[in-house]
Amino acid sequence: MAMSSLPKKEPVAITGSRGFIGSNLMQVFEQRNIPYIAFEGDLLDFESVKYFFKANPAKQVIHLAGRFAGSFEQLIHQNVMTTQHLLEAGIESGLEKIIYTSTGAVYGEPINDVSFESDLCQPNTLYGLSKKMAEDVILHHHLVKGIKYIILRFPNVYGEGNKKGVLYNFLKDIHSKGSITIAGDGKQSRNFLHVSDACEAIIKSFRYNQNDIFNISTTGKTSINGIVSLLKQYYSFDTIHKAADNNLKSLLLDTSKAETILGFKAIINDPSSYIQNFRCGEGG
């Protein structure tokens, strides 16, 4: 395991620092006295990105910025072009390593019961496709320009401050409408990851000196119907069914590689506390 201590003087750059994971990560960095620089500017404006790196010649960048939903054009711009601009401008100014938060959706349906990092990626959603394209941009720059990389493939990330995802949407609707809408039969299976565990995986990747891709998740799987049953332990609400609107039926990740190499293992494996303490309007 090629690990090293965190640099004490050279700050790491962070994109998406105002987002859900980014704001939590900065809090952890501050608690642990890890220096960082939050990217300010427009990642779609190449000159703006160049200016940032010239003013802040960081050796490492944690790339959290991206888009979860929207048209394919929006997803390409926010997930792929931003990554290209970040690497092109960063490498010009001495950037040596990128840590990229991707998604298990790059796999499409699992080939077996769960997806492994060695599996062929066949994304069946536009979001998953755009994130896979961003991964390919990173691998291209590694091949051509030697940039080091860690790619972390997350499942559904939840926690206080989040305002998207199935858990948040269900809880928000329960509080505001007294009902939830289930797309499809509810048998879709998902992994979930608390944001504190996501941050810990990023920090472990920050310390790791090899190029690699890791699934980061809890080990348990939950169906949508299972989530509904869990919610009913704490709330009373109606359920409404509609046609399925997502091709991805299962998003289940094998995490044995991350556990063995990074020493990562999720601490929070049950969303019950988040569900019980959710406050509508505050993102949990």
# chains A, B, ... in the order shown; residues from 1 in each chain; ligands from 1
$ select_by_dssp --residues "range 7-96 of chain A" --states "helix (DSSP H, G or I)" --output "VMD selection string"
chain A and resid 20 to 31 46 to 55 72 to 92
$ residues_around --residues "Ile202 in chain A" --least-positions-apart "4" --cutoff "12 Å" --atoms "only C-alpha atoms" --output "ChimeraX atom specification"
/A:12,14,21-22,24-26,28-29,61-64,98-102,150-154,195-198,206-208,214-216,258,262-264
$ select_by_dssp --residues "range 17-261 of chain A" --states "strand (DSSP E)" --output "JSON, numbers by chain"
{"A": [36, 37, 38, 60, 61, 62, 63, 97, 98, 99, 100, 101, 102, 103, 148, 149, 150, 151, 152, 153, 154, 156, 157, 158, 179, 180, 181, 182, 183, 189, 190, 192, 193, 194, 212, 213, 214, 215, 222, 223, 238, 239, 240, 241, 242, 250, 251]}
$ write_last_selection --atoms "N, CA and C atoms" --output "short mmCIF file (atom, residue, chain, number, x, y, z; two decimals), in the first residue's frame"
data_model
loop_
_atom_site.label_atom_id
_atom_site.label_comp_id
_atom_site.auth_asym_id
_atom_site.auth_seq_id
_atom_site.Cartn_x
_atom_site.Cartn_y
_atom_site.Cartn_z
N TYR A 36 -6.28 23.93 2.15
CA TYR A 36 -6.98 23.77 0.89
C TYR A 36 -7.26 25.14 0.29
N ILE A 37 -7.54 25.14 -1.01
CA ILE A 37 -7.96 26.34 -1.71
C ILE A 37 -9.24 26.01 -2.45
N ALA A 38 -10.32 26.71 -2.16
CA ALA A 38 -11.58 26.49 -2.86
C ALA A 38 -11.54 27.18 -4.21
N GLN A 60 -2.30 19.21 -6.26
CA GLN A 60 -3.38 18.23 -6.28
C GLN A 60 -4.73 18.97 -6.32
N VAL A 61 -5.70 18.35 -6.97
CA VAL A 61 -7.05 18.92 -7.01
C VAL A 61 -8.06 17.82 -6.72
N ILE A 62 -9.04 18.14 -5.91
CA ILE A 62 -10.17 17.25 -5.66
C ILE A 62 -11.34 17.81 -6.46
N HIS A 63 -11.77 17.08 -7.45
CA HIS A 63 -12.77 17.57 -8.40
C HIS A 63 -14.14 17.03 -8.03
N LYS A 97 -1.83 15.77 -9.69
CA LYS A 97 -2.76 14.69 -9.34
C LYS A 97 -4.18 15.21 -9.25
N ILE A 98 -5.12 14.38 -9.69
CA ILE A 98 -6.54 14.70 -9.57
C ILE A 98 -7.24 13.56 -8.83
N ILE A 99 -8.11 13.92 -7.90
CA ILE A 99 -9.01 12.97 -7.25
C ILE A 99 -10.41 13.33 -7.75
N TYR A 100 -11.05 12.39 -8.40
CA TYR A 100 -12.33 12.66 -9.05
C TYR A 100 -13.43 11.82 -8.43
N THR A 101 -14.53 12.48 -8.05
CA THR A 101 -15.67 11.76 -7.50
C THR A 101 -16.63 11.42 -8.63
N SER A 102 -16.65 10.15 -8.98
CA SER A 102 -17.51 9.65 -10.04
C SER A 102 -18.70 8.94 -9.42
N THR A 103 -19.28 8.00 -10.12
CA THR A 103 -20.51 7.35 -9.68
C THR A 103 -20.55 5.89 -10.10
N LYS A 148 -1.34 12.10 -12.39
CA LYS A 148 -1.76 11.01 -11.51
C LYS A 148 -3.25 11.17 -11.21
N TYR A 149 -3.90 10.05 -10.88
CA TYR A 149 -5.35 10.13 -10.66
C TYR A 149 -5.82 9.09 -9.65
N ILE A 150 -6.88 9.44 -8.96
CA ILE A 150 -7.71 8.51 -8.20
C ILE A 150 -9.16 8.81 -8.59
N ILE A 151 -9.88 7.79 -9.01
CA ILE A 151 -11.29 7.94 -9.33
C ILE A 151 -12.09 7.16 -8.30
N LEU A 152 -13.02 7.85 -7.64
CA LEU A 152 -13.86 7.25 -6.61
C LEU A 152 -15.28 7.14 -7.15
N ARG A 153 -15.80 5.95 -7.21
CA ARG A 153 -17.16 5.72 -7.70
C ARG A 153 -18.11 5.56 -6.51
N PHE A 154 -18.97 6.56 -6.33
CA PHE A 154 -19.90 6.61 -5.22
C PHE A 154 -21.28 6.08 -5.63
N ASN A 156 -25.46 6.45 -3.96
CA ASN A 156 -26.24 7.58 -3.46
C ASN A 156 -25.60 8.10 -2.17
N VAL A 157 -25.16 9.34 -2.18
CA VAL A 157 -24.56 9.94 -0.99
C VAL A 157 -25.63 10.77 -0.28
N TYR A 158 -25.79 10.58 1.02
CA TYR A 158 -26.82 11.29 1.77
C TYR A 158 -26.21 11.88 3.03
N SER A 179 -47.08 12.35 1.41
CA SER A 179 -47.08 11.21 0.50
C SER A 179 -45.77 11.17 -0.27
N ILE A 180 -45.45 10.02 -0.82
CA ILE A 180 -44.27 9.89 -1.68
C ILE A 180 -44.69 9.21 -2.97
N THR A 181 -43.90 9.43 -4.03
CA THR A 181 -44.16 8.81 -5.33
C THR A 181 -43.04 7.84 -5.64
N ILE A 182 -43.41 6.61 -5.92
CA ILE A 182 -42.44 5.56 -6.24
C ILE A 182 -42.47 5.32 -7.74
N ALA A 183 -41.31 5.44 -8.38
CA ALA A 183 -41.21 5.18 -9.81
C ALA A 183 -40.94 3.70 -10.03
N SER A 189 -32.61 -1.81 -6.53
CA SER A 189 -31.69 -1.91 -5.39
C SER A 189 -30.61 -0.84 -5.47
N ARG A 190 -30.25 -0.32 -4.32
CA ARG A 190 -29.26 0.75 -4.25
C ARG A 190 -28.34 0.54 -3.05
N PHE A 192 -26.11 2.99 -0.36
CA PHE A 192 -26.11 4.36 0.14
C PHE A 192 -24.82 4.61 0.91
N LEU A 193 -24.39 5.87 0.93
CA LEU A 193 -23.15 6.24 1.59
C LEU A 193 -23.34 7.56 2.31
N HIS A 194 -23.03 7.58 3.61
CA HIS A 194 -23.14 8.84 4.35
C HIS A 194 -21.99 9.76 3.95
N ASP A 212 -5.45 4.80 -9.53
CA ASP A 212 -6.39 3.69 -9.35
C ASP A 212 -7.83 4.18 -9.36
N ILE A 213 -8.74 3.21 -9.43
CA ILE A 213 -10.18 3.45 -9.38
C ILE A 213 -10.76 2.61 -8.25
N PHE A 214 -11.63 3.21 -7.43
CA PHE A 214 -12.20 2.50 -6.29
C PHE A 214 -13.70 2.71 -6.19
N ASN A 215 -14.41 1.62 -5.90
CA ASN A 215 -15.80 1.72 -5.46
C ASN A 215 -15.81 2.10 -3.99
N THR A 222 -30.16 -1.93 -0.40
CA THR A 222 -31.52 -1.62 0.02
C THR A 222 -32.38 -1.38 -1.21
N SER A 223 -33.54 -1.99 -1.24
CA SER A 223 -34.47 -1.71 -2.33
C SER A 223 -35.27 -0.45 -2.00
N ASP A 238 -48.76 8.39 2.62
CA ASP A 238 -49.34 7.61 1.53
C ASP A 238 -48.28 7.35 0.46
N THR A 239 -48.46 6.31 -0.32
CA THR A 239 -47.56 6.02 -1.43
C THR A 239 -48.32 6.08 -2.74
N ILE A 240 -47.70 6.70 -3.73
CA ILE A 240 -48.26 6.81 -5.07
C ILE A 240 -47.27 6.16 -6.03
N HIS A 241 -47.75 5.38 -6.98
CA HIS A 241 -46.88 4.72 -7.95
C HIS A 241 -47.02 5.36 -9.33
N LYS A 242 -45.90 5.45 -10.03
CA LYS A 242 -45.89 5.92 -11.41
C LYS A 242 -44.94 5.05 -12.22
N SER A 250 -30.37 -1.50 -10.69
CA SER A 250 -29.53 -1.84 -9.54
C SER A 250 -28.24 -1.03 -9.58
N LEU A 251 -27.86 -0.49 -8.45
CA LEU A 251 -26.58 0.20 -8.31
C LEU A 251 -25.93 -0.35 -7.04
#
$ atom_distance --atom1 "CA of Ala134 in chain A" --atom2 "CA of His85 in chain A"
11.1 Å
$ closest_residue --among "A:Asp119, A:Val80, A:Leu86, A:Leu171" --to "Lys132 in chain A" --atoms "only C-alpha atoms"
A:Val80
$ closest_residue --among "A:Ser71, A:Gln84, A:Gln31, A:Ser17" --to "Leu43 in chain A" --atoms "only C-alpha atoms"
A:Gln84
$ residues_around --residues "His141 in chain A" --least-positions-apart "2" --cutoff "12 Å" --atoms "only C-alpha atoms" --output "list in words"
Thr83, Gln84, His85, Leu86, Leu87, Glu88, Ala89, Gly90, Ile91, Glu92, Leu95, Glu96, Lys97, Ile98, Ala134, Glu135, Asp136, Val137, Ile138, Leu139, Leu143, Val144, Lys145, Gly146, Ile147, Lys148 and Tyr149 of chain A
$ closest_residue --among "A:Arg18, A:Ser118, A:Ile275, A:Val106" --to "Asn169 in chain A" --atoms "only C-alpha atoms"
A:Ile275
$ residues_around --residues "Pro123 in chain A" --least-positions-apart "2" --cutoff "7 Å" --atoms "only C-alpha atoms" --output "list in words"
Ala105, Val106, Tyr107, Gly108, Cys121, Thr125, Gly128 and Leu129 of chain A
$ closest_residue --among "A:Gly19, A:His175, A:Pro57, A:Asp254" --to "Asn162 in chain A" --atoms "only C-alpha atoms"
A:Gly19
$ decode --residues "range 72-85 of chain A" --atoms "C-alpha atoms" --output "tab-separated table (two decimals), in the first residue's frame"
chain	number	residue	atom	x	y	z
A	72	PHE	CA	-27.40	15.61	-22.18
A	73	GLU	CA	-25.85	18.89	-23.34
A	74	GLN	CA	-25.93	20.24	-19.77
A	75	LEU	CA	-24.43	17.03	-18.42
A	76	ILE	CA	-21.64	17.09	-21.01
A	77	HIS	CA	-20.80	20.69	-20.23
A	78	GLN	CA	-20.89	20.36	-16.44
A	79	ASN	CA	-19.30	16.92	-16.10
A	80	VAL	CA	-17.02	16.49	-19.11
A	81	MET	CA	-15.93	19.93	-20.31
A	82	THR	CA	-15.26	21.16	-16.78
A	83	THR	CA	-12.96	18.19	-16.23
A	84	GLN	CA	-11.12	18.87	-19.49
A	85	HIS	CA	-10.63	22.55	-18.65
